[in-house]
Amino acid sequence: PNPSPQGGGEPYRSRVSNADLSTGVMLAFAFPDRVAKNRGNGSFVLANGRGAAVEQTAALARLPFIAVAELTGTAANGRILLAAPITQDEIEQRFADQIENAEEVTFDRGAMALRARRRRSLHAITFAEAPMSLTPSAETARIFAEGLIAAGLDRLPWSKQAKQWRDRVMFLRQAEDDSWPDLSDAALAARADDWLVGALYDKTALKDLSAGDLSDALMTLLPWELRARLDREAPTHFEAPTGTQLAIDYEAEQGPTIAVRLQELFGLNTHPSIAKGAVPLVLELLSPAQRPVQVTRDLPGFWRGSYAAVRSDLRGRYPRHPWPEDPASAMPTRRVKPRGT
């Protein structure tokens, strides 16, 4: 016999004999990670997070909790071969030191919002949970940012201006050097702490984040000394000789592009460029009906060359529009000729 813990001669006896324990409890002591909760239709989740099932017609399939003695198969789809019933009361009594009462904040991708709940659990098994009010904080902002990044940056409220701003910065990074920040999806995801988390301190749902909030957050990634250069070297618009402001498409496959009616460029003898003159704009020249007639990176060459063929083709179809023989010295215009001229 074992000696008494008090040092006396009486044999030590456990306060709980095997006769007091159910088969399920003894199995749970032997395999504590295999306590399992019924998820319905004979499917169980084990305390270790593994999924396993019994035949739906088996008596065990109707029990709320079991202790698994033997199972086979994969971690996600195991097959329970031998188990015994155990009650929630028995679990809570015997494993009280492992049961947690926690307040959790999680990201709900379906709602694109944070959710808070109180949860009582034994590892992967949840006994009870209830929603709770959520107070925004630095920690909730971090969780929110991680959830949004995982859902995809395209889910954020991008404005047309913010998209173009990002494209302009990325254009200069490629055209010049890496002093311009990397704003690719991968880089933005890796640097979420530097821009996105701060924008979410007082927010718990994506609907609370405006396009302006997103733009302001992104702007923090561009150092002050580069902001003026961005406007000079990668402007948002090109001003045609007529004064028309033409948006530059920095997403175009062929490079930064503008679409402009051919007559608005008359008299322009140098090709428009950006990035300190290093990158010529792609000019998509349009007919008076706004249909593309030519694409060029060399406007003076176009005037000297294929303009004559374009003029021959279009002046019969658009007789009220000017088609000078020498476009390089003609006046740019947005107007048609007066009737009778």
# chains A, B, ... in the order shown; residues from 1 in each chain; ligands from 1
$ residues_around --residues "Glu284 of chain A" --least-positions-apart "5" --cutoff "10 Å" --atoms "only C-alpha atoms" --output "PDB file with C-alpha atoms, in the first residue's frame"
ATOM      1  CA  THR A 257      -2.469  57.391 -71.749  1.00  0.00           C
ATOM      2  CA  ILE A 258      -4.777  60.236 -72.687  1.00  0.00           C
ATOM      3  CA  ALA A 259      -7.642  60.148 -75.166  1.00  0.00           C
ATOM      4  CA  VAL A 260      -8.042  63.433 -77.053  1.00  0.00           C
ATOM      5  CA  ARG A 261      -9.764  64.699 -80.174  1.00  0.00           C
ATOM      6  CA  LEU A 262      -7.173  65.199 -82.852  1.00  0.00           C
ATOM      7  CA  ARG A 291     -13.722  57.231 -82.008  1.00  0.00           C
ATOM      8  CA  PRO A 292     -10.019  56.192 -81.950  1.00  0.00           C
ATOM      9  CA  VAL A 293      -8.225  56.832 -85.232  1.00  0.00           C
ATOM     10  CA  GLN A 294      -4.561  56.569 -84.221  1.00  0.00           C
ATOM     11  CA  VAL A 295      -2.325  55.794 -81.246  1.00  0.00           C
ATOM     12  CA  THR A 296       1.074  57.462 -81.093  1.00  0.00           C
ATOM     13  CA  ARG A 297       4.049  58.205 -78.863  1.00  0.00           C
TER      14      ARG A 297
END
$ residues_around --residues "Leu172 of chain A" --least-positions-apart "4" --cutoff "9 Å" --atoms "only C-alpha atoms" --output "list in words"
Asp167, Arg168, Glu176, Asp177, Asp178, Trp180, Leu230, Glu233, Ala234 and Ala275 of chain A
$ select_by_dssp --residues "segment 224-329 of chain A" --states "alpha helix (DSSP H)" --output "PyMOL selection string"
chain A and resi 224-233+299-304+307-314
$ write_last_selection --atoms "N, CA and C atoms" --output "JSON list (two decimals), in the first residue's frame"
[["chain", "number", "residue", "atom", "x", "y", "z"],
["A", 224, "TRP", "N", 6.49, 63.62, -47.21],
["A", 224, "TRP", "CA", 6.14, 64.98, -47.61],
["A", 224, "TRP", "C", 6.98, 65.46, -48.79],
["A", 225, "GLU", "N", 8.26, 65.15, -48.79],
["A", 225, "GLU", "CA", 9.13, 65.66, -49.85],
["A", 225, "GLU", "C", 8.79, 65.09, -51.23],
["A", 226, "LEU", "N", 8.03, 64.01, -51.27],
["A", 226, "LEU", "CA", 7.65, 63.43, -52.55],
["A", 226, "LEU", "C", 6.29, 63.90, -53.05],
["A", 227, "ARG", "N", 5.52, 64.53, -52.20],
["A", 227, "ARG", "CA", 4.15, 64.87, -52.59],
["A", 227, "ARG", "C", 4.11, 65.94, -53.68],
["A", 228, "ALA", "N", 4.94, 66.97, -53.57],
["A", 228, "ALA", "CA", 4.98, 67.99, -54.62],
["A", 228, "ALA", "C", 5.55, 67.41, -55.91],
["A", 229, "ARG", "N", 6.54, 66.55, -55.78],
["A", 229, "ARG", "CA", 7.12, 65.92, -56.97],
["A", 229, "ARG", "C", 6.08, 65.05, -57.68],
["A", 230, "LEU", "N", 5.21, 64.41, -56.91],
["A", 230, "LEU", "CA", 4.19, 63.57, -57.53],
["A", 230, "LEU", "C", 3.33, 64.39, -58.49],
["A", 231, "ASP", "N", 2.91, 65.57, -58.06],
["A", 231, "ASP", "CA", 2.06, 66.40, -58.91],
["A", 231, "ASP", "C", 2.81, 66.92, -60.13],
["A", 232, "ARG", "N", 4.11, 67.17, -59.97],
["A", 232, "ARG", "CA", 4.89, 67.67, -61.11],
["A", 232, "ARG", "C", 5.22, 66.55, -62.10],
["A", 233, "GLU", "N", 5.63, 65.41, -61.58],
["A", 233, "GLU", "CA", 6.17, 64.36, -62.44],
["A", 233, "GLU", "C", 5.15, 63.34, -62.90],
["A", 299, "LEU", "N", 4.01, 62.59, -81.61],
["A", 299, "LEU", "CA", 3.05, 63.46, -82.28],
["A", 299, "LEU", "C", 3.66, 64.20, -83.47],
["A", 300, "PRO", "N", 4.86, 64.78, -83.36],
["A", 300, "PRO", "CA", 5.44, 65.43, -84.54],
["A", 300, "PRO", "C", 5.61, 64.46, -85.71],
["A", 301, "GLY", "N", 5.98, 63.21, -85.38],
["A", 301, "GLY", "CA", 6.10, 62.22, -86.45],
["A", 301, "GLY", "C", 4.76, 61.90, -87.09],
["A", 302, "PHE", "N", 3.71, 61.91, -86.26],
["A", 302, "PHE", "CA", 2.36, 61.67, -86.80],
["A", 302, "PHE", "C", 1.95, 62.79, -87.73],
["A", 303, "TRP", "N", 2.22, 64.04, -87.32],
["A", 303, "TRP", "CA", 1.87, 65.17, -88.19],
["A", 303, "TRP", "C", 2.56, 65.04, -89.55],
["A", 304, "ARG", "N", 3.84, 64.64, -89.53],
["A", 304, "ARG", "CA", 4.61, 64.54, -90.77],
["A", 304, "ARG", "C", 4.26, 63.31, -91.59],
["A", 307, "TYR", "N", -0.74, 61.41, -90.63],
["A", 307, "TYR", "CA", -1.86, 62.35, -90.55],
["A", 307, "TYR", "C", -2.50, 62.54, -91.91],
["A", 308, "ALA", "N", -1.71, 62.58, -92.97],
["A", 308, "ALA", "CA", -2.26, 62.81, -94.32],
["A", 308, "ALA", "C", -3.30, 61.75, -94.67],
["A", 309, "ALA", "N", -3.04, 60.49, -94.34],
["A", 309, "ALA", "CA", -4.00, 59.42, -94.63],
["A", 309, "ALA", "C", -5.24, 59.57, -93.76],
["A", 310, "VAL", "N", -5.06, 59.94, -92.48],
["A", 310, "VAL", "CA", -6.20, 60.15, -91.59],
["A", 310, "VAL", "C", -7.05, 61.32, -92.11],
["A", 311, "ARG", "N", -6.40, 62.40, -92.53],
["A", 311, "ARG", "CA", -7.11, 63.56, -93.07],
["A", 311, "ARG", "C", -7.92, 63.18, -94.30],
["A", 312, "SER", "N", -7.31, 62.41, -95.18],
["A", 312, "SER", "CA", -8.01, 62.00, -96.41],
["A", 312, "SER", "C", -9.23, 61.15, -96.10],
["A", 313, "ASP", "N", -9.11, 60.32, -95.07],
["A", 313, "ASP", "CA", -10.22, 59.41, -94.72],
["A", 313, "ASP", "C", -11.35, 60.14, -94.01],
["A", 314, "LEU", "N", -11.03, 61.12, -93.17],
["A", 314, "LEU", "CA", -12.05, 61.68, -92.29],
["A", 314, "LEU", "C", -12.66, 63.00, -92.75]]
$ atom_distance --atom1 "atom CA of Glu92 of chain A" --atom2 "atom CA of Asn77 of chain A"
26.4 Å
$ atom_distance --atom1 "atom CA of Arg34 of chain A" --atom2 "atom CA of Gly49 of chain A"
9.1 Å
$ closest_residue --among "A:Pro288, A:Gly305, A:Pro136, A:Gly110" --to "Pro319 of chain A" --atoms "only C-alpha atoms"
A:Pro288
$ residues_around --residues "Ala175 of chain A" --least-positions-apart "4" --cutoff "9 Å" --atoms "only C-alpha atoms" --output "PDB file with N, CA, C and O atoms, in the first residue's frame"
ATOM      1  N   MET A 170       2.952  54.311 -58.139  1.00  0.00           N
ATOM      2  CA  MET A 170       3.561  53.078 -58.646  1.00  0.00           C
ATOM      3  C   MET A 170       4.236  53.310 -60.001  1.00  0.00           C
ATOM      4  O   MET A 170       5.272  52.696 -60.302  1.00  0.00           O
ATOM      5  N   PHE A 171       3.663  54.176 -60.810  1.00  0.00           N
ATOM      6  CA  PHE A 171       4.290  54.518 -62.093  1.00  0.00           C
ATOM      7  C   PHE A 171       5.664  55.133 -61.866  1.00  0.00           C
ATOM      8  O   PHE A 171       6.657  54.754 -62.506  1.00  0.00           O
ATOM      9  N   ALA A 275       7.236  62.396 -65.913  1.00  0.00           N
ATOM     10  CA  ALA A 275       8.432  61.862 -65.246  1.00  0.00           C
ATOM     11  C   ALA A 275       9.681  62.597 -65.711  1.00  0.00           C
ATOM     12  O   ALA A 275      10.638  61.995 -66.190  1.00  0.00           O
ATOM     13  N   ALA A 278      10.920  61.933 -69.186  1.00  0.00           N
ATOM     14  CA  ALA A 278      11.481  60.622 -69.531  1.00  0.00           C
ATOM     15  C   ALA A 278      10.460  59.683 -70.164  1.00  0.00           C
ATOM     16  O   ALA A 278      10.843  58.740 -70.861  1.00  0.00           O
ATOM     17  N   VAL A 279       9.180  59.914 -69.916  1.00  0.00           N
ATOM     18  CA  VAL A 279       8.164  58.977 -70.396  1.00  0.00           C
ATOM     19  C   VAL A 279       7.146  59.723 -71.263  1.00  0.00           C
ATOM     20  O   VAL A 279       6.422  60.592 -70.754  1.00  0.00           O
TER      21      VAL A 279
END
$ closest_residue --among "A:Asp185, A:Tyr201, A:Ala150, A:Arg115" --to "Ala138 of chain A" --atoms "only C-alpha atoms"
A:Tyr201
